[in-house]
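Novice: Sharing coords.cif here; it has mmCIF, C-alpha atoms.
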data_final
#
loop_
_atom_site.label_atom_id
_atom_site.label_comp_id
_atom_site.auth_asym_id
_atom_site.auth_seq_id
_atom_site.Cartn_x
_atom_site.Cartn_y
_atom_site.Cartn_z
CA MET G 5 -27.76 3.66 30.69
CA ALA G 6 -30.66 4.65 28.47
CA THR G 7 -28.28 6.52 26.18
CA GLU G 8 -26.05 3.44 25.96
CA ARG G 9 -29.03 1.26 24.98
CA VAL G 10 -30.05 3.76 22.29
CA THR G 11 -26.47 3.91 20.97
CA GLU G 12 -26.24 0.12 20.92
CA THR G 13 -29.57 -0.24 19.13
CA ALA G 14 -28.59 2.32 16.49
CA ALA G 15 -25.14 0.81 15.99
CA THR G 16 -26.28 -2.79 15.74
CA ARG G 17 -29.40 -2.37 13.59
CA ARG G 18 -29.10 -4.25 10.30
CA LYS G 19 -28.79 -2.02 7.24
CA PRO G 20 -31.80 -1.89 4.90
CA TRP G 21 -31.22 -3.69 1.57
CA TYR G 22 -31.31 -0.43 -0.37
CA ARG G 23 -28.44 1.14 1.63
CA LEU G 24 -25.36 -0.04 -0.23
CA SER G 25 -22.02 -0.56 1.53
CA LEU G 26 -19.03 1.65 0.79
CA THR G 27 -17.34 -1.21 -1.08
CA THR G 28 -20.34 -1.52 -3.41
CA TRP G 29 -20.36 2.22 -4.06
CA ILE G 30 -16.64 2.15 -4.84
CA MET G 31 -17.16 -0.69 -7.34
CA ILE G 32 -20.01 1.27 -8.94
CA GLY G 33 -17.69 4.28 -9.14
CA LEU G 34 -15.04 2.15 -10.86
CA VAL G 35 -17.47 0.83 -13.47
CA VAL G 36 -19.11 4.19 -14.16
CA GLY G 37 -15.73 5.95 -14.33
CA GLY G 38 -14.35 3.35 -16.75
CA PHE G 39 -17.45 3.66 -18.95
CA ILE G 40 -17.20 7.46 -19.02
CA GLY G 41 -13.51 7.27 -19.92
CA TRP G 42 -14.31 4.83 -22.73
CA ILE G 43 -17.18 6.72 -24.41
CA GLN G 44 -15.92 10.25 -23.67
CA PRO G 45 -12.09 10.12 -23.29
CA GLU G 46 -11.80 13.91 -22.94
CA TRP G 47 -13.95 13.77 -19.81
CA GLY G 48 -11.26 11.68 -18.16
CA ASN G 49 -8.91 14.68 -18.01
CA LYS G 50 -11.70 17.05 -17.01
CA LEU G 51 -12.75 14.88 -14.08
CA TYR G 52 -9.21 14.12 -12.89
CA PHE G 53 -9.32 16.98 -10.37
CA LEU G 54 -11.83 14.96 -8.32
CA ARG G 55 -9.23 12.21 -7.89
CA ASP G 56 -6.70 14.83 -6.75
CA ILE G 57 -9.15 16.24 -4.20
CA PHE G 58 -9.69 12.77 -2.75
CA LEU G 59 -5.94 12.06 -2.53
CA ASN G 60 -5.24 15.45 -0.93
CA LEU G 61 -7.89 14.81 1.73
CA ILE G 62 -6.42 11.38 2.45
CA LYS G 63 -2.86 12.73 2.64
CA SER G 64 -4.01 15.30 5.20
CA VAL G 65 -5.08 12.42 7.48
CA ILE G 66 -1.90 10.32 7.32
CA ALA G 67 0.56 12.33 9.44
CA PRO G 68 -1.69 13.03 12.48
CA LEU G 69 -3.19 9.54 12.35
CA VAL G 70 0.11 7.64 12.22
CA PHE G 71 1.71 9.91 14.83
CA SER G 72 -1.16 9.79 17.35
CA THR G 73 -1.76 6.04 16.95
CA LEU G 74 1.88 5.18 17.56
CA VAL G 75 2.27 7.50 20.55
CA VAL G 76 -0.84 6.07 22.23
CA GLY G 77 0.16 2.49 21.44
CA ILE G 78 3.70 2.76 22.78
CA ALA G 79 3.39 5.30 25.63
CA GLY G 80 0.01 4.00 26.78
CA GLY G 81 1.37 0.81 28.33
CA GLY G 82 3.66 -0.43 25.57
CA ASP G 83 6.89 -2.16 26.57
CA LEU G 84 9.89 -0.48 24.92
CA LYS G 85 11.60 -3.86 24.56
CA LYS G 86 8.58 -5.04 22.60
CA VAL G 87 9.02 -2.16 20.16
CA GLY G 88 12.57 -3.22 19.36
CA ARG G 89 11.61 -6.88 19.06
CA MET G 90 8.65 -5.97 16.85
CA GLY G 91 10.90 -3.91 14.59
CA ALA G 92 13.38 -6.77 14.15
CA LYS G 93 10.61 -9.27 13.39
CA SER G 94 9.02 -6.85 10.91
CA LEU G 95 12.23 -6.31 8.94
CA LEU G 96 12.92 -10.06 8.85
CA TYR G 97 9.43 -10.77 7.56
CA PHE G 98 9.62 -7.95 4.99
CA GLU G 99 12.93 -9.26 3.61
CA ILE G 100 11.74 -12.85 3.27
CA VAL G 101 8.44 -12.00 1.56
CA THR G 102 9.82 -9.38 -0.85
CA THR G 103 12.63 -11.76 -1.87
CA ILE G 104 10.06 -14.44 -2.68
CA ALA G 105 8.13 -11.83 -4.71
CA LEU G 106 11.26 -11.04 -6.74
CA PHE G 107 11.84 -14.66 -7.66
CA ILE G 108 8.18 -15.30 -8.52
CA GLY G 109 8.41 -12.38 -10.92
CA LEU G 110 11.62 -13.81 -12.37
CA ALA G 111 10.02 -17.24 -12.87
CA VAL G 112 6.87 -15.92 -14.57
CA VAL G 113 8.69 -13.52 -16.91
CA ASN G 114 11.01 -16.31 -18.07
CA LEU G 115 8.04 -18.62 -18.60
CA THR G 116 5.82 -16.20 -20.54
CA LYS G 117 8.64 -14.21 -22.27
CA PRO G 118 6.55 -11.06 -22.85
CA GLY G 119 9.56 -9.10 -24.20
CA ILE G 120 10.20 -11.39 -27.16
CA GLY G 121 9.18 -9.60 -30.35
CA VAL G 122 8.82 -6.14 -28.75
CA SER G 123 10.79 -3.52 -30.64
CA LEU G 124 12.88 -1.07 -28.66
CA ALA G 125 12.83 1.64 -31.27
CA ALA G 126 13.89 5.07 -30.06
CA ALA G 127 11.01 6.60 -28.14
CA ALA G 128 10.30 9.93 -26.56
CA THR G 129 12.39 9.73 -23.39
CA GLU G 130 11.97 13.23 -22.00
CA GLN G 131 9.85 12.01 -19.07
CA VAL G 132 12.25 9.12 -18.49
CA GLN G 133 15.20 11.53 -18.34
CA LYS G 134 13.41 13.52 -15.64
CA ILE G 135 12.83 10.29 -13.73
CA GLY G 136 16.49 9.44 -14.10
CA GLU G 137 17.48 12.63 -12.30
CA ASN G 138 16.41 10.86 -9.10
CA HIS G 139 18.31 7.86 -7.83
CA PRO G 140 17.56 4.95 -5.51
CA LYS G 141 18.91 5.52 -2.03
CA THR G 142 21.85 3.50 -0.81
CA LEU G 143 21.59 1.63 2.50
CA VAL G 144 23.42 4.42 4.35
CA GLU G 145 21.25 7.10 2.74
CA THR G 146 18.11 5.18 3.69
CA ILE G 147 19.23 4.90 7.33
CA VAL G 148 20.05 8.63 7.47
CA HIS G 149 16.73 9.46 5.81
CA VAL G 150 14.77 7.66 8.55
CA PHE G 151 15.61 10.37 11.12
CA PRO G 152 13.99 13.74 10.29
CA ALA G 153 15.72 17.07 10.73
CA SER G 154 12.26 18.61 11.07
CA ILE G 155 9.13 16.67 12.00
CA VAL G 156 7.02 19.51 10.60
CA GLU G 157 8.73 19.16 7.21
CA ALA G 158 8.29 15.37 7.35
CA MET G 159 4.58 15.80 8.03
CA VAL G 160 4.22 18.33 5.22
CA ARG G 161 5.84 15.86 2.79
CA GLY G 162 3.85 12.96 4.24
CA ASP G 163 7.04 10.96 4.80
CA VAL G 164 5.63 8.10 6.88
CA LEU G 165 9.02 6.56 7.65
CA GLN G 166 10.28 9.74 9.32
CA ILE G 167 6.96 10.22 11.12
CA VAL G 168 7.22 6.68 12.53
CA ALA G 169 10.79 7.23 13.74
CA PHE G 170 9.93 10.53 15.45
CA ALA G 171 6.70 9.10 16.95
CA VAL G 172 8.55 6.13 18.50
CA LEU G 173 11.14 8.41 20.13
CA PHE G 174 8.44 10.88 21.22
CA ALA G 175 6.37 8.06 22.77
CA MET G 176 9.43 6.80 24.65
CA ALA G 177 9.90 10.30 26.10
CA VAL G 178 6.22 10.58 27.06
CA SER G 179 6.40 7.17 28.76
CA ALA G 180 9.61 8.08 30.60
CA ILE G 181 8.20 11.18 32.37
CA GLY G 182 5.25 9.27 33.84
CA GLU G 183 2.31 11.29 35.18
CA LYS G 184 3.43 14.54 33.55
CA GLY G 185 3.02 12.90 30.15
CA LYS G 186 -0.60 11.78 30.78
CA PRO G 187 -2.19 14.98 29.34
CA ILE G 188 -0.24 14.46 26.09
CA LEU G 189 -1.32 10.81 26.03
CA ARG G 190 -4.99 11.75 26.45
CA ALA G 191 -4.66 14.38 23.72
CA MET G 192 -3.09 11.85 21.33
CA ASP G 193 -5.85 9.35 22.09
CA SER G 194 -8.48 11.98 21.29
CA LEU G 195 -6.62 12.96 18.12
CA SER G 196 -6.48 9.37 16.86
CA GLN G 197 -10.24 8.94 17.41
CA ILE G 198 -10.91 12.25 15.64
CA MET G 199 -8.76 11.26 12.66
CA PHE G 200 -10.55 7.92 12.30
CA ARG G 201 -13.83 9.85 12.31
CA PHE G 202 -12.38 12.29 9.77
CA THR G 203 -11.35 9.33 7.61
CA SER G 204 -14.93 8.03 7.60
CA TYR G 205 -16.06 11.42 6.23
CA VAL G 206 -13.39 11.39 3.52
CA MET G 207 -14.34 7.84 2.54
CA MET G 208 -17.79 9.08 1.56
CA PHE G 209 -16.02 10.84 -1.33
CA ALA G 210 -14.10 7.70 -2.30
CA PRO G 211 -16.53 6.43 -5.00
CA ILE G 212 -16.29 9.77 -6.82
CA GLY G 213 -12.51 9.94 -6.43
CA VAL G 214 -11.85 6.41 -7.67
CA GLY G 215 -14.38 6.85 -10.49
CA ALA G 216 -12.55 9.95 -11.70
CA ALA G 217 -9.22 8.10 -11.50
CA MET G 218 -10.55 5.22 -13.60
CA ALA G 219 -12.11 7.60 -16.15
CA HIS G 220 -8.72 9.29 -16.54
CA THR G 221 -6.87 5.98 -16.94
CA ILE G 222 -9.21 4.60 -19.60
CA GLY G 223 -9.63 7.98 -21.29
CA THR G 224 -5.89 8.64 -21.50
CA HIS G 225 -4.62 5.21 -22.50
CA GLY G 226 -7.69 3.72 -24.16
CA LEU G 227 -8.46 0.03 -24.38
CA GLY G 228 -6.13 -0.33 -27.39
CA VAL G 229 -3.05 -0.02 -25.19
CA LEU G 230 -3.87 -3.45 -23.79
CA VAL G 231 -3.09 -5.00 -27.18
CA ASN G 232 0.27 -3.27 -27.53
CA LEU G 233 1.92 -4.59 -24.41
CA GLY G 234 -0.89 -6.90 -23.33
CA LYS G 235 1.41 -9.85 -22.75
CA LEU G 236 3.49 -7.92 -20.22
CA ILE G 237 0.38 -6.65 -18.41
CA GLY G 238 -1.18 -10.12 -18.42
CA SER G 239 2.04 -11.73 -17.18
CA LEU G 240 2.32 -9.22 -14.34
CA TYR G 241 -1.25 -9.80 -13.17
CA LEU G 242 -0.73 -13.58 -13.41
CA ALA G 243 2.37 -13.28 -11.21
CA LEU G 244 0.55 -11.02 -8.73
CA ILE G 245 -2.33 -13.50 -8.44
CA LEU G 246 0.09 -16.40 -7.92
CA PHE G 247 1.91 -14.41 -5.24
CA VAL G 248 -1.27 -13.45 -3.38
CA VAL G 249 -2.82 -16.93 -3.53
CA PHE G 250 0.21 -19.13 -2.86
CA VAL G 251 2.58 -16.92 -0.86
CA LEU G 252 0.33 -14.58 1.10
CA GLY G 253 -2.25 -17.37 1.38
CA ALA G 254 0.36 -19.73 2.83
CA VAL G 255 1.54 -17.03 5.25
CA ALA G 256 -2.05 -16.45 6.40
CA LEU G 257 -2.54 -20.17 7.03
CA LEU G 258 0.81 -20.50 8.79
CA PHE G 259 0.06 -17.66 11.20
CA ARG G 260 -3.61 -18.65 11.60
CA VAL G 261 -5.01 -15.42 10.18
CA PRO G 262 -8.80 -15.78 9.64
CA ILE G 263 -8.75 -15.56 5.85
CA LEU G 264 -12.41 -14.79 5.14
CA LYS G 265 -12.53 -12.02 7.74
CA PHE G 266 -9.20 -10.68 6.48
CA LEU G 267 -10.48 -10.53 2.89
CA LYS G 268 -13.59 -8.74 4.08
CA ALA G 269 -11.43 -6.23 5.95
CA VAL G 270 -9.02 -5.44 3.10
CA ARG G 271 -11.53 -5.21 0.25
CA GLU G 272 -12.11 -1.46 0.65
CA PRO G 273 -8.47 -0.30 1.05
CA ALA G 274 -7.38 -2.68 -1.74
CA THR G 275 -10.05 -1.35 -4.11
CA ILE G 276 -9.14 2.25 -3.33
CA ALA G 277 -5.43 1.52 -3.92
CA PHE G 278 -6.21 -0.24 -7.21
CA ALA G 279 -8.27 2.64 -8.60
CA THR G 280 -6.06 5.53 -7.44
CA THR G 281 -2.65 3.79 -7.91
CA SER G 282 -1.72 5.31 -4.54
CA SER G 283 -0.89 3.27 -1.44
CA GLU G 284 -1.25 6.42 0.65
CA SER G 285 -4.91 6.75 -0.32
CA ALA G 286 -5.63 3.39 1.34
CA LEU G 287 -3.46 3.83 4.46
CA PRO G 288 -5.98 5.42 6.88
CA LYS G 289 -8.73 2.96 5.99
CA ALA G 290 -6.30 0.02 6.12
CA MET G 291 -5.13 1.04 9.61
CA GLU G 292 -8.72 1.35 10.80
CA VAL G 293 -9.86 -2.07 9.55
CA MET G 294 -6.77 -3.86 10.85
CA GLU G 295 -7.41 -2.49 14.34
CA ARG G 296 -11.01 -3.64 14.05
CA LEU G 297 -9.80 -7.06 12.92
CA GLY G 298 -7.90 -7.54 16.18
CA VAL G 299 -4.42 -6.11 15.61
CA PRO G 300 -3.28 -3.83 18.49
CA PRO G 301 -3.00 -0.13 17.51
CA ARG G 302 0.73 0.06 18.33
CA ILE G 303 1.47 -2.81 15.92
CA VAL G 304 -0.72 -1.33 13.18
CA GLY G 305 0.84 2.10 13.72
CA PHE G 306 4.38 0.76 13.50
CA VAL G 307 4.27 -2.11 10.99
CA MET G 308 2.03 -0.68 8.30
CA PRO G 309 3.76 2.69 7.72
CA THR G 310 7.18 0.98 7.90
CA GLY G 311 5.99 -1.58 5.37
CA TYR G 312 5.20 1.23 2.95
CA SER G 313 8.95 1.65 2.54
CA PHE G 314 10.27 -1.89 3.10
CA ASN G 315 7.45 -4.29 2.22
CA LEU G 316 6.33 -3.37 -1.29
CA ASP G 317 5.56 -6.90 -2.49
CA GLY G 318 3.78 -5.88 -5.69
CA THR G 319 6.43 -3.33 -6.61
CA THR G 320 9.37 -5.70 -6.14
CA LEU G 321 7.64 -8.37 -8.21
CA TYR G 322 6.99 -5.80 -10.94
CA LEU G 323 10.64 -4.69 -10.91
CA ALA G 324 11.79 -8.26 -11.53
CA MET G 325 9.41 -8.70 -14.46
CA ALA G 326 9.95 -5.27 -16.03
CA SER G 327 13.75 -5.51 -15.94
CA VAL G 328 13.83 -8.95 -17.60
CA PHE G 329 11.14 -7.81 -20.08
CA VAL G 330 13.43 -5.02 -21.30
CA ALA G 331 16.36 -7.45 -21.46
CA GLN G 332 14.27 -9.82 -23.61
CA ALA G 333 13.24 -6.99 -25.93
CA ALA G 334 16.85 -5.76 -26.14
CA GLU G 335 18.04 -9.16 -27.42
CA ALA G 336 16.28 -8.70 -30.77
CA THR G 337 17.44 -5.08 -31.05
CA THR G 338 21.09 -5.35 -29.98
CA GLY G 339 21.80 -9.08 -29.86
CA PHE G 340 22.61 -8.80 -26.16
CA HIS G 341 21.54 -11.95 -24.28
CA MET G 342 21.13 -11.94 -20.52
CA SER G 343 21.79 -15.38 -19.08
CA PHE G 344 19.80 -16.77 -16.16
CA GLY G 345 22.85 -16.32 -13.93
CA GLN G 346 22.99 -12.61 -14.83
CA GLN G 347 19.29 -12.34 -14.12
CA VAL G 348 19.84 -13.80 -10.63
CA VAL G 349 22.60 -11.27 -9.99
CA MET G 350 20.21 -8.53 -11.12
CA MET G 351 17.58 -9.85 -8.67
CA LEU G 352 20.12 -9.72 -5.84
CA THR G 353 20.85 -6.12 -6.79
CA LEU G 354 17.13 -5.31 -6.77
CA MET G 355 16.86 -6.85 -3.28
CA VAL G 356 19.11 -4.04 -2.06
CA THR G 357 18.09 -1.11 -4.27
CA SER G 358 14.35 -1.68 -3.88
CA LYS G 359 14.71 -0.95 -0.15
CA GLY G 360 15.71 2.62 -1.01
CA VAL G 361 12.38 3.70 -2.44
CA ALA G 362 11.43 5.93 0.48
CA ALA G 363 10.71 9.51 -0.61
CA VAL G 364 11.80 8.88 -4.23
CA PRO G 365 9.27 10.24 -6.78
CA ARG G 366 8.09 7.57 -9.28
CA ALA G 367 10.09 5.17 -7.12
CA SER G 368 9.56 1.96 -9.11
CA LEU G 369 10.63 3.55 -12.40
CA VAL G 370 13.65 5.14 -10.72
CA ILE G 371 14.79 1.74 -9.41
CA LEU G 372 14.06 0.09 -12.77
CA LEU G 373 16.04 2.66 -14.75
CA ALA G 374 19.02 2.50 -12.39
CA THR G 375 19.07 -1.31 -12.59
CA LEU G 376 18.79 -1.43 -16.38
CA ASN G 377 21.58 1.12 -16.78
CA THR G 378 23.81 -1.18 -14.72
CA PHE G 379 23.10 -4.47 -16.49
CA LEU G 380 22.19 -3.58 -20.09
CA PRO G 381 24.11 -1.86 -22.91
CA GLU G 382 24.17 1.94 -22.98
CA ASN G 383 20.91 3.75 -23.88
CA ILE G 384 18.83 0.56 -23.77
CA GLY G 385 17.59 1.31 -20.25
CA PRO G 386 15.93 4.69 -21.01
CA ILE G 387 14.36 3.35 -24.22
CA GLY G 388 13.02 0.28 -22.41
CA VAL G 389 11.54 2.37 -19.61
CA ALA G 390 9.98 4.71 -22.20
CA VAL G 391 8.24 1.71 -23.80
CA ILE G 392 6.88 0.55 -20.43
CA PHE G 393 5.97 4.09 -19.38
CA GLY G 394 2.86 4.11 -21.59
CA VAL G 395 1.24 1.23 -19.71
CA ASP G 396 2.89 1.77 -16.33
CA GLU G 397 -0.28 3.17 -14.76
CA LEU G 398 -2.27 0.05 -15.72
CA MET G 399 0.37 -2.13 -14.07
CA ASP G 400 0.67 0.27 -11.15
CA MET G 401 -2.96 -0.45 -10.26
CA GLY G 402 -2.27 -4.13 -9.63
CA ARG G 403 1.05 -3.76 -7.85
CA THR G 404 -0.27 -1.00 -5.55
CA CYS G 405 -3.25 -3.15 -4.62
CA VAL G 406 -0.92 -6.05 -3.72
CA ASN G 407 1.34 -3.69 -1.74
CA VAL G 408 -1.62 -2.71 0.45
CA VAL G 409 -2.85 -6.29 0.93
CA GLY G 410 0.70 -7.42 1.78
CA ASN G 411 1.13 -4.71 4.40
CA CYS G 412 -2.27 -5.45 5.96
CA LEU G 413 -1.29 -9.11 6.26
CA ALA G 414 2.08 -8.11 7.75
CA THR G 415 0.33 -6.41 10.69
CA CYS G 416 -1.66 -9.61 11.38
CA VAL G 417 1.50 -11.73 11.13
CA ILE G 418 3.48 -9.58 13.57
CA ALA G 419 0.51 -9.40 15.97
CA ARG G 420 0.22 -13.20 15.95
CA TRP G 421 4.01 -13.56 16.26
CA GLU G 422 3.90 -11.28 19.31
CA GLY G 423 0.99 -13.26 20.75
CA GLU G 424 -1.27 -10.19 20.69
CA PHE G 425 -3.74 -10.93 17.88
CA ASP G 426 -7.31 -10.64 19.23
CA ASP G 427 -9.23 -13.63 17.86
CA GLU G 428 -12.46 -12.44 19.45
CA ARG G 429 -12.21 -9.15 17.56
CA ALA G 430 -11.59 -11.04 14.32
CA ARG G 431 -14.54 -13.32 14.94
CA VAL G 432 -17.03 -10.47 15.32
CA PHE G 433 -15.55 -8.21 12.60
CA GLY G 434 -18.28 -6.62 10.49
CA THR G 435 -21.15 -8.03 12.57
CA PRO G 436 -23.56 -6.41 15.05
CA GLU G 437 -21.55 -8.08 17.82
CA GLU G 438 -18.58 -5.82 17.00
CA ALA G 439 -20.53 -2.73 18.07
CA ARG G 440 -21.63 -4.48 21.25
CA LEU G 441 -18.03 -5.40 22.02
CA ASP G 442 -16.97 -1.77 21.52
CA LEU G 443 -19.62 -0.61 23.96
CA ALA G 444 -18.63 -3.27 26.50
CA GLU G 445 -15.01 -2.11 26.33
CA GLY G 446 -15.98 1.55 26.63
CA GLU G 447 -15.05 2.46 23.05
CA PRO G 448 -17.20 4.84 20.96
CA ALA G 449 -18.75 2.39 18.50
CA PHE G 450 -20.04 5.22 16.33
CA VAL G 451 -16.46 6.11 15.34
CA LYS G 452 -15.98 2.88 13.44
CA SER G 453 -17.71 2.36 10.12
CA VAL G 454 -19.07 -1.11 10.89
CA GLU G 455 -20.55 -2.81 7.82
CA LEU G 456 -23.39 -4.98 9.03
CA GLY G 457 -25.26 -7.74 7.26
#
Starting from the file, lay out its structure as structure tokens.

Specialist:
Amino acid sequence: MATERVTETAATRRKPWYRLSLTTWIMIGLVVGGFIGWIQPEWGNKLYFLRDIFLNLIKSVIAPLVFSTLVVGIAGGGDLKKVGRMGAKSLLYFEIVTTIALFIGLAVVNLTKPGIGVSLAAAATEQVQKIGENHPKTLVETIVHVFPASIVEAMVRGDVLQIVAFAVLFAMAVSAIGEKGKPILRAMDSLSQIMFRFTSYVMMFAPIGVGAAMAHTIGTHGLGVLVNLGKLIGSLYLALILFVVFVLGAVALLFRVPILKFLKAVREPATIAFATTSSESALPKAMEVMERLGVPPRIVGFVMPTGYSFNLDGTTLYLAMASVFVAQAAEATTGFHMSFGQQVVMMLTLMVTSKGVAAVPRASLVILLATLNTFLPENIGPIGVAVIFGVDELMDMGRTCVNVVGNCLATCVIARWEGEFDDERARVFGTPEEARLDLAEGEPAFVKSVELG
């Protein structure tokens, strides 16, 4: 009892003003990294290894965390019928939201016309040709890809879709054998707690990792690149903001997601994703904060990794804008005009091909190149992608951030849809009461990085 009181006191004590939160440190890292990249561009390349270290540490967390969380969520009292129903609801939600994202991108790019006046002169396309060696997966290939031939290989590659599929089947088997599966269930529960603790250690390195990533971006591309294709970059960020505010905002209101608490929860994973241009880097932290916000672990463990393949809101919006941008630029070069009807057909094609991004390197550029080769005159596609390639990382920051926010919201939506969203958890998120609630429920409050104050 005395130990519990000591733990509670330590966990619920308000942070001193001089102890900055992780979010603040990450923002400081972004600013300092950008300044270093601006005044000393060569340092950007020298410091880039720090970003790689951070991403490697994060990637090492993903496979055991996703696997253990799903097994505990499903086998530890989960109804197998609920898993199937949750999967169907998730795919329906993903399809609706990503389709809206496509058409918002189409509307904004036709309104701003960023491609008008951009010359598609022959550019160095060696990198684009390497990208083109990959191809977007067809529907059948995507379905086959979901089921791993080797779970060890899937974990080595960090293929979250295959890990999810294997974990669901494994959890069903653990649940089916009853008492004999309890030791495995306890081991998975311990593993998930350990990986959340491990994630909190890795996050201490996040400000350095994201700072190095920003230094590299600014140092490599410079601020001048914003002038070159600034209209395309500005148009994309305008479309992303409109999508987040009006579409995701409307979804949050419709499903009664506590918006202020949600924004507080996603600020760290969204910032990490923005700086590193990697959704994977934000996955462990995003899973942790969504559980703390009141989403059951089994829903977080299933919906969020699946969304990384099927719910890329920012990426699908980008694809719509980038493809029409190249078509607009091609009109001045070749005289080819793409009518609005042809653009709609192209969007319908993207609705299908963008679902095949799983395990495709440089996935968005692969999809973009394949689409342009289908709808534009010969050789225009590679040249157009080569033009965009120079500023792709700057646009990747925004779309990756929106991908993470969209997937976090998807877990809340499915939890509410299933009637399992914990409003009490959401109410106390990030307050001293959260630690008290953990202690009352027998959970180790010290595992969770509660930001107080």

Novice: If we count all atoms listed in the file, what is near Val112 of chain G at a cut-off of 12 Å, once residues fewer than 5 positions away on the same chain are taken out, given as a VMD selection string?

Specialist: chain G and resid 105 to 107 117 to 118 235 to 247 321 to 322 324 to 326 328 to 329

Novice: Could the residues of segment 294-394 of chain G that have an atom at most 8 Å from segment 94-104 of chain G be listed as CSV, each with its closest atom pair and the distance in Å to one decimal, counting all atoms listed in the file and ordered by chain and ascending residue number?

Specialist:
residue,atom,partner,partner_atom,distance
G:Val307,CA,G:Ser94,CA,6.7
G:Gly311,CA,G:Phe98,CA,7.3
G:Phe314,CA,G:Phe98,CA,6.4
G:Asn315,CA,G:Phe98,CA,5.1
G:Leu316,CA,G:Thr102,CA,7.0
G:Asp317,CA,G:Thr102,CA,5.2
G:Thr320,CA,G:Thr102,CA,6.5
G:Leu321,CA,G:Thr102,CA,7.7
G:Met355,CA,G:Thr103,CA,6.6

Novice: Which one is closest to Leu398 of chain G: G:Val299, G:Leu369, G:Ile222, G:Met294? Count all atoms listed in the file.

Specialist: G:Ile222

Novice: If you measure from atom CA of Ile43 of chain G to atom CA of Thr224 of chain G, what distance in Å do you get, rounded to one decimal?

Specialist: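 Between atom CA of Ile43 of chain G and atom CA of Thr224 of chain G the gap works out to 11.8 Å.
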
Novice: Written as a ChimeraX atom specification, what is the full residue list that the PyMOL selection byres ((chain G and resi 178-185) around 12) yields on the file shown?

Specialist: /G:74-84,171-177,186-192

Novice: Of the candidates G:Ile66, G:Val36, G:Val408, G:Ile418, which one gets nearest to Ala274 of chain G if we count only C-alpha atoms?

Specialist: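 Of the candidates, the smallest distance to Ala274 of chain G is held by G:Val408.
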
Novice: If I take atom CA of Ile263 of chain G and atom CA of Glu424 of chain G, how far is one from the other in Å, to one decimal?

Specialist: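 Value for the atom CA of Ile263 of chain G-atom CA of Glu424 of chain G distance: 17.5 Å.
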
Novice: For the structure provided, state which residues fall under the PyMOL selection byres ((chain G and resi 287) around 9), and present them as a list of chain:residue names.

Specialist: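 Those residues are G:Ile62, G:Ile66, G:Pro273, G:Ala277, G:Ser283, G:Glu284, G:Ser285, G:Ala286, G:Pro288, G:Lys289, G:Ala290, G:Met291, G:Glu292, G:Met308, G:Pro309, G:Val408.
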
Novice: Evaluate the PyMOL selection byres ((chain G and resi 196) around 6) on the structure here and hand back the selected residues as a PyMOL selection string.

Specialist: chain G and resi 69+72-73+193-195+197-199

Novice: Please produce a file of the residues just selected, as an mmCIF file, in the frame of the given file, where the atoms kept are C-alpha atoms.

Specialist:
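Dumped to selection-v3.cif:
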data_model
loop_
_atom_site.group_PDB
_atom_site.id
_atom_site.type_symbol
_atom_site.label_atom_id
_atom_site.label_comp_id
_atom_site.auth_asym_id
_atom_site.auth_seq_id
_atom_site.Cartn_x
_atom_site.Cartn_y
_atom_site.Cartn_z
ATOM 1 C CA LEU G 69 -3.190 9.540 12.350
ATOM 2 C CA SER G 72 -1.160 9.790 17.350
ATOM 3 C CA THR G 73 -1.760 6.040 16.950
ATOM 4 C CA ASP G 193 -5.850 9.350 22.090
ATOM 5 C CA SER G 194 -8.480 11.980 21.290
ATOM 6 C CA LEU G 195 -6.620 12.960 18.120
ATOM 7 C CA GLN G 197 -10.240 8.940 17.410
ATOM 8 C CA ILE G 198 -10.910 12.250 15.640
ATOM 9 C CA MET G 199 -8.760 11.260 12.660
#

Novice: Rounded to one decimal, what separation in Å do you get between atom CA of Ser282 of chain G and atom CA of Gly234 of chain G?

Specialist: 22.4 Å

Novice: Starting from the point (-6.1, -8.3, -2.0), work out which residues of protein, DNA or RNA have an atom no more than 8 Å away when counting all atoms listed in the file; state them as JSON, numbers by chain.

Specialist: {"G": [248, 267, 270, 271, 274, 405, 406, 408, 409, 410]}

Novice: Pick from G:Ile120, G:Val160, G:Leu51, G:Met31: nearest to Pro68 of chain G, with all atoms listed in the file counted?

Specialist: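 Ranking G:Ile120, G:Val160, G:Leu51, G:Met31 by distance to Pro68 of chain G, first place goes to G:Val160.
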
Novice: With all atoms listed in the file as the counted atoms, please give the residues lying no more than 10 Å from Met350 of chain G, apart from itself and same-chain residues fewer than 4 positions off, as a list in words.

Specialist: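 Listed by chain and then number, they are Ala324, Ser327, Val328, Phe344, Gly345, Gln346, Leu354, Met355, Thr375, Leu376, Thr378 and Phe379 of chain G.
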
Novice: Report the centre and edge lengths, in Å to one decimal, of an axis-aligned box enclosing every atom of segment 399-411 of chain G listed in the file, padded by 5 Å on each side, as lines of an AutoDock Vina configuration file.

Specialist:
center_x = -1.0
center_y = -3.6
center_z = -4.8
size_x = 14.6
size_y = 17.7
size_z = 28.5
